[in-house]
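*Asks:* One structure coming up, written as structure tokens, with questions to follow.
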Amino acid sequence: QRQKYNSPFTLKARPTSKWDNIVDEDEEDEPIPVAPDMTYEPRNAKRQHEHFLDIRAAGGKQVCNDVYVRNPDEDVFWYAGKVARVSDVSLEDCIARQWNLIERHATNLRPIELYPHRGNLQIWTAPGDSELDVAYNRPNIQMIRHFPKAMNSRDLSNNLIGFQGEIYQQGEEGFRTWRTDEGLPARPEINPGGETRPPTDEEYEQI
């Protein structure tokens, strides 16, 4: 149900007006400098979204990763979107360069759970398009934790990477998963054996 990227029409139909509500606050509290092209502003978010679409179209899911953001005091990992990068860019640099965009977007998505912890949030990644495996707590999906570092356009051009932030539809609660400090499922696997259908309402209750 989360594979919005399969249809170019669906991707382009995402409500762009929601970017207009972006406000970048408290940048003086950032532990590392934020490059001007990665401040959480509409033009930057739209540009990185467009870069994501271009890179995704050229390289497929192999150049993409799902992104989750976590309050380190909790075991809940909130799905925040996807990143894409050209083949010679490391995933670590892709996340570090766009750290501010990802963190700010996640705190806007989850103002209660994440916003109070901005500046101290963890960013984790999973393989691209692995939402169903994550939802079923497949033991072979181990998320990778990333760490912030100062990067700017001289280190990595913004057109070599992209970020497609999650956008909630009306009434949508948001996708989350429970994980250990090692990025492994913290709850038992649901329907072992490779089930590929979306979980039922009863199974979501177990999740």
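Chains: A, B, ... in order of the structure tokens. Residues: from 1 per chain. Ligands: from 1, in order shown.
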Could you find all residues in range 75-178 of chain A that DSSP calls strand (DSSP E) from the backbone, and write them as a ChimeraX atom specification?
*Replies:* /A:76-85,122-127,144-146,161-165,176-178
*Asks:* With N, CA and C atoms kept, could you save the residues just selected as a PDB file, in the first residue's frame?
*Replies:*
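The resulting file, out-v4.pdb, is shown below:
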ATOM      1  N   VAL A  76      10.428   3.007  18.874  1.00  0.00           N
ATOM      2  CA  VAL A  76       9.566   3.223  17.710  1.00  0.00           C
ATOM      3  C   VAL A  76      10.352   3.953  16.623  1.00  0.00           C
ATOM      4  N   PHE A  77      10.347   3.383  15.432  1.00  0.00           N
ATOM      5  CA  PHE A  77      11.002   3.968  14.263  1.00  0.00           C
ATOM      6  C   PHE A  77       9.906   4.445  13.312  1.00  0.00           C
ATOM      7  N   TRP A  78       9.858   5.745  13.057  1.00  0.00           N
ATOM      8  CA  TRP A  78       8.827   6.320  12.199  1.00  0.00           C
ATOM      9  C   TRP A  78       9.327   6.422  10.757  1.00  0.00           C
ATOM     10  N   TYR A  79       8.511   5.924   9.839  1.00  0.00           N
ATOM     11  CA  TYR A  79       8.845   6.038   8.417  1.00  0.00           C
ATOM     12  C   TYR A  79       8.729   7.497   7.994  1.00  0.00           C
ATOM     13  N   ALA A  80       9.818   8.030   7.396  1.00  0.00           N
ATOM     14  CA  ALA A  80       9.856   9.448   7.037  1.00  0.00           C
ATOM     15  C   ALA A  80       9.955   9.692   5.544  1.00  0.00           C
ATOM     16  N   GLY A  81      10.214   8.642   4.752  1.00  0.00           N
ATOM     17  CA  GLY A  81      10.323   8.827   3.310  1.00  0.00           C
ATOM     18  C   GLY A  81      11.389   7.941   2.700  1.00  0.00           C
ATOM     19  N   LYS A  82      11.934   8.389   1.560  1.00  0.00           N
ATOM     20  CA  LYS A  82      12.938   7.614   0.837  1.00  0.00           C
ATOM     21  C   LYS A  82      14.046   8.540   0.345  1.00  0.00           C
ATOM     22  N   VAL A  83      15.236   7.989   0.241  1.00  0.00           N
ATOM     23  CA  VAL A  83      16.337   8.713  -0.378  1.00  0.00           C
ATOM     24  C   VAL A  83      16.797   7.944  -1.611  1.00  0.00           C
ATOM     25  N   ALA A  84      17.431   8.670  -2.522  1.00  0.00           N
ATOM     26  CA  ALA A  84      18.029   8.069  -3.713  1.00  0.00           C
ATOM     27  C   ALA A  84      19.373   8.732  -3.941  1.00  0.00           C
ATOM     28  N   ARG A  85      20.260   8.005  -4.583  1.00  0.00           N
ATOM     29  CA  ARG A  85      21.609   8.534  -4.837  1.00  0.00           C
ATOM     30  C   ARG A  85      22.149   7.896  -6.110  1.00  0.00           C
ATOM     31  N   GLN A 122      17.656  10.065  15.824  1.00  0.00           N
ATOM     32  CA  GLN A 122      18.456   9.114  15.050  1.00  0.00           C
ATOM     33  C   GLN A 122      17.796   8.889  13.691  1.00  0.00           C
ATOM     34  N   ILE A 123      18.618   8.743  12.670  1.00  0.00           N
ATOM     35  CA  ILE A 123      18.128   8.409  11.335  1.00  0.00           C
ATOM     36  C   ILE A 123      18.648   7.025  10.962  1.00  0.00           C
ATOM     37  N   TRP A 124      17.740   6.172  10.538  1.00  0.00           N
ATOM     38  CA  TRP A 124      18.053   4.801  10.155  1.00  0.00           C
ATOM     39  C   TRP A 124      17.539   4.556   8.741  1.00  0.00           C
ATOM     40  N   THR A 125      18.161   3.622   8.041  1.00  0.00           N
ATOM     41  CA  THR A 125      17.692   3.274   6.702  1.00  0.00           C
ATOM     42  C   THR A 125      17.472   1.767   6.589  1.00  0.00           C
ATOM     43  N   ALA A 126      16.563   1.429   5.695  1.00  0.00           N
ATOM     44  CA  ALA A 126      16.276   0.043   5.335  1.00  0.00           C
ATOM     45  C   ALA A 126      16.401  -0.063   3.818  1.00  0.00           C
ATOM     46  N   PRO A 127      16.474  -1.275   3.279  1.00  0.00           N
ATOM     47  CA  PRO A 127      16.528  -1.417   1.821  1.00  0.00           C
ATOM     48  C   PRO A 127      15.344  -0.721   1.151  1.00  0.00           C
ATOM     49  N   ILE A 144      20.049   0.236   9.264  1.00  0.00           N
ATOM     50  CA  ILE A 144      21.381   0.787   9.487  1.00  0.00           C
ATOM     51  C   ILE A 144      21.246   2.178  10.084  1.00  0.00           C
ATOM     52  N   ARG A 145      21.969   2.410  11.179  1.00  0.00           N
ATOM     53  CA  ARG A 145      21.942   3.738  11.791  1.00  0.00           C
ATOM     54  C   ARG A 145      22.976   4.635  11.119  1.00  0.00           C
ATOM     55  N   HIS A 146      22.613   5.907  10.958  1.00  0.00           N
ATOM     56  CA  HIS A 146      23.504   6.887  10.350  1.00  0.00           C
ATOM     57  C   HIS A 146      23.830   7.995  11.351  1.00  0.00           C
ATOM     58  N   ILE A 161      21.795  13.376  -5.292  1.00  0.00           N
ATOM     59  CA  ILE A 161      21.028  12.726  -4.235  1.00  0.00           C
ATOM     60  C   ILE A 161      19.614  13.285  -4.240  1.00  0.00           C
ATOM     61  N   GLY A 162      18.699  12.591  -3.596  1.00  0.00           N
ATOM     62  CA  GLY A 162      17.332  13.076  -3.502  1.00  0.00           C
ATOM     63  C   GLY A 162      16.638  12.553  -2.267  1.00  0.00           C
ATOM     64  N   PHE A 163      15.609  13.247  -1.863  1.00  0.00           N
ATOM     65  CA  PHE A 163      14.798  12.835  -0.713  1.00  0.00           C
ATOM     66  C   PHE A 163      13.333  13.049  -1.039  1.00  0.00           C
ATOM     67  N   GLN A 164      12.555  11.977  -0.922  1.00  0.00           N
ATOM     68  CA  GLN A 164      11.105  12.033  -1.103  1.00  0.00           C
ATOM     69  C   GLN A 164      10.463  11.862   0.266  1.00  0.00           C
ATOM     70  N   GLY A 165      10.048  12.978   0.856  1.00  0.00           N
ATOM     71  CA  GLY A 165       9.463  12.919   2.182  1.00  0.00           C
ATOM     72  C   GLY A 165       8.077  12.295   2.170  1.00  0.00           C
ATOM     73  N   ARG A 176       4.973   2.990  11.252  1.00  0.00           N
ATOM     74  CA  ARG A 176       6.044   2.889  12.237  1.00  0.00           C
ATOM     75  C   ARG A 176       6.347   1.429  12.502  1.00  0.00           C
ATOM     76  N   THR A 177       7.510   1.202  13.058  1.00  0.00           N
ATOM     77  CA  THR A 177       7.931  -0.153  13.395  1.00  0.00           C
ATOM     78  C   THR A 177       8.707  -0.106  14.698  1.00  0.00           C
ATOM     79  N   TRP A 178       8.741  -1.225  15.373  1.00  0.00           N
ATOM     80  CA  TRP A 178       9.447  -1.316  16.651  1.00  0.00           C
ATOM     81  C   TRP A 178      10.733  -2.105  16.425  1.00  0.00           C
TER      82      TRP A 178
END
*Asks:* Could you pull out the helix (DSSP H, G or I) residues of range 46-84 of chain A, going by DSSP on the backbone, and write them as a ChimeraX atom specification?
*Replies:* /A:46-63
*Asks:* May I ask which of the residues A:Asn152, A:Ser130, A:Thr39, A:Asn191 is the closest one to Cys94 in chain A, counting only C-alpha atoms?
*Replies:*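 Closest to Cys94 in chain A, using only C-alpha atoms: A:Asn152.
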*Asks:* When you count only C-alpha atoms, which of these residues is closest to Leu156 in chain A: A:Asn137, A:Ile55, A:Val89, A:Ile190?
*Replies:* A:Val89
*Asks:* Please, what distance in Å, to one decimal, runs between CA of Asn120 in chain A and CA of Arg138 in chain A?
*Replies:*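 Separation of CA of Asn120 in chain A and CA of Arg138 in chain A: 27.8 Å.
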*Asks:* Find the residues near Pro116 in chain A: any atom within 10 Å, counting only C-alpha atoms, skip ones fewer than 6 places away on the same chain, and give them as a PDB file with C-alpha atoms, in the first residue's frame.
*Replies:*
ATOM      1  CA  ASN A  71      13.584   9.240  19.276  1.00  0.00           C
ATOM      2  CA  THR A 107       9.452  16.373  13.143  1.00  0.00           C
ATOM      3  CA  ARG A 110       5.297  13.668  14.118  1.00  0.00           C
TER       4      ARG A 110
END
*Asks:* Can you list, as a PDB file with N, CA and C atoms, in the first residue's frame, every protein, DNA or RNA residue that comes within 10 Å of Asp181 in chain A when you count only C-alpha atoms, leaving out same-chain residues fewer than 5 positions away?
*Replies:*
ATOM      1  N   PRO A  72      15.678   8.500  20.371  1.00  0.00           N
ATOM      2  CA  PRO A  72      16.535   7.467  20.965  1.00  0.00           C
ATOM      3  C   PRO A  72      16.047   6.924  22.298  1.00  0.00           C
ATOM      4  N   GLU A  74      13.037   5.853  22.722  1.00  0.00           N
ATOM      5  CA  GLU A  74      11.952   4.935  22.397  1.00  0.00           C
ATOM      6  C   GLU A  74      12.436   3.883  21.403  1.00  0.00           C
ATOM      7  N   ASP A  75      11.655   2.811  21.262  1.00  0.00           N
ATOM      8  CA  ASP A  75      12.003   1.784  20.273  1.00  0.00           C
ATOM      9  C   ASP A  75      11.126   1.882  19.028  1.00  0.00           C
ATOM     10  N   MET A 143      17.980  -2.665   9.907  1.00  0.00           N
ATOM     11  CA  MET A 143      18.185  -1.268   9.559  1.00  0.00           C
ATOM     12  C   MET A 143      19.585  -0.809   9.950  1.00  0.00           C
ATOM     13  N   ILE A 144      20.049   0.236   9.264  1.00  0.00           N
ATOM     14  CA  ILE A 144      21.381   0.787   9.487  1.00  0.00           C
ATOM     15  C   ILE A 144      21.246   2.178  10.084  1.00  0.00           C
ATOM     16  N   ARG A 145      21.969   2.410  11.179  1.00  0.00           N
ATOM     17  CA  ARG A 145      21.942   3.738  11.791  1.00  0.00           C
ATOM     18  C   ARG A 145      22.976   4.635  11.119  1.00  0.00           C
ATOM     19  N   ALA A 186      11.864  -5.761  16.982  1.00  0.00           N
ATOM     20  CA  ALA A 186      11.718  -5.933  18.433  1.00  0.00           C
ATOM     21  C   ALA A 186      10.504  -6.780  18.780  1.00  0.00           C
TER      22      ALA A 186
END
*Asks:* Go through A:Asn44, A:Pro192, A:Val69, A:Ser153 and flag the residue nearest Asn108 in chain A, using only C-alpha atoms for the distances.
*Replies:* A:Val69
*Asks:* So, with only C-alpha atoms as the atoms that count, which of A:Ile95, A:Ile141, A:Cys64, A:Met151 lies closest to Val34 in chain A?
*Replies:*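 The closest residue to Val34 in chain A is A:Met151.
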*Asks:* What separation in Å, quoted to one decimal, exists between CA of Arg97 in chain A and CA of His117 in chain A?
*Replies:* 20.2 Å
*Asks:* Can you work out the spacing between CA of Asp133 in chain A and CA of Asn65 in chain A in Å, to one decimal?
*Replies:* 13.4 Å
*Asks:* With only C-alpha atoms as the atoms that count, which of A:Gln62, A:Ser87, A:Gln48, A:Asn100 lies nearest to Phe147 in chain A?
*Replies:* A:Asn100
*Asks:* Of the residues A:Leu121, A:Met38, A:Glu131, A:Asn159, which is the one nearest to Phe175 in chain A, using only C-alpha atoms?
*Replies:* A:Glu131
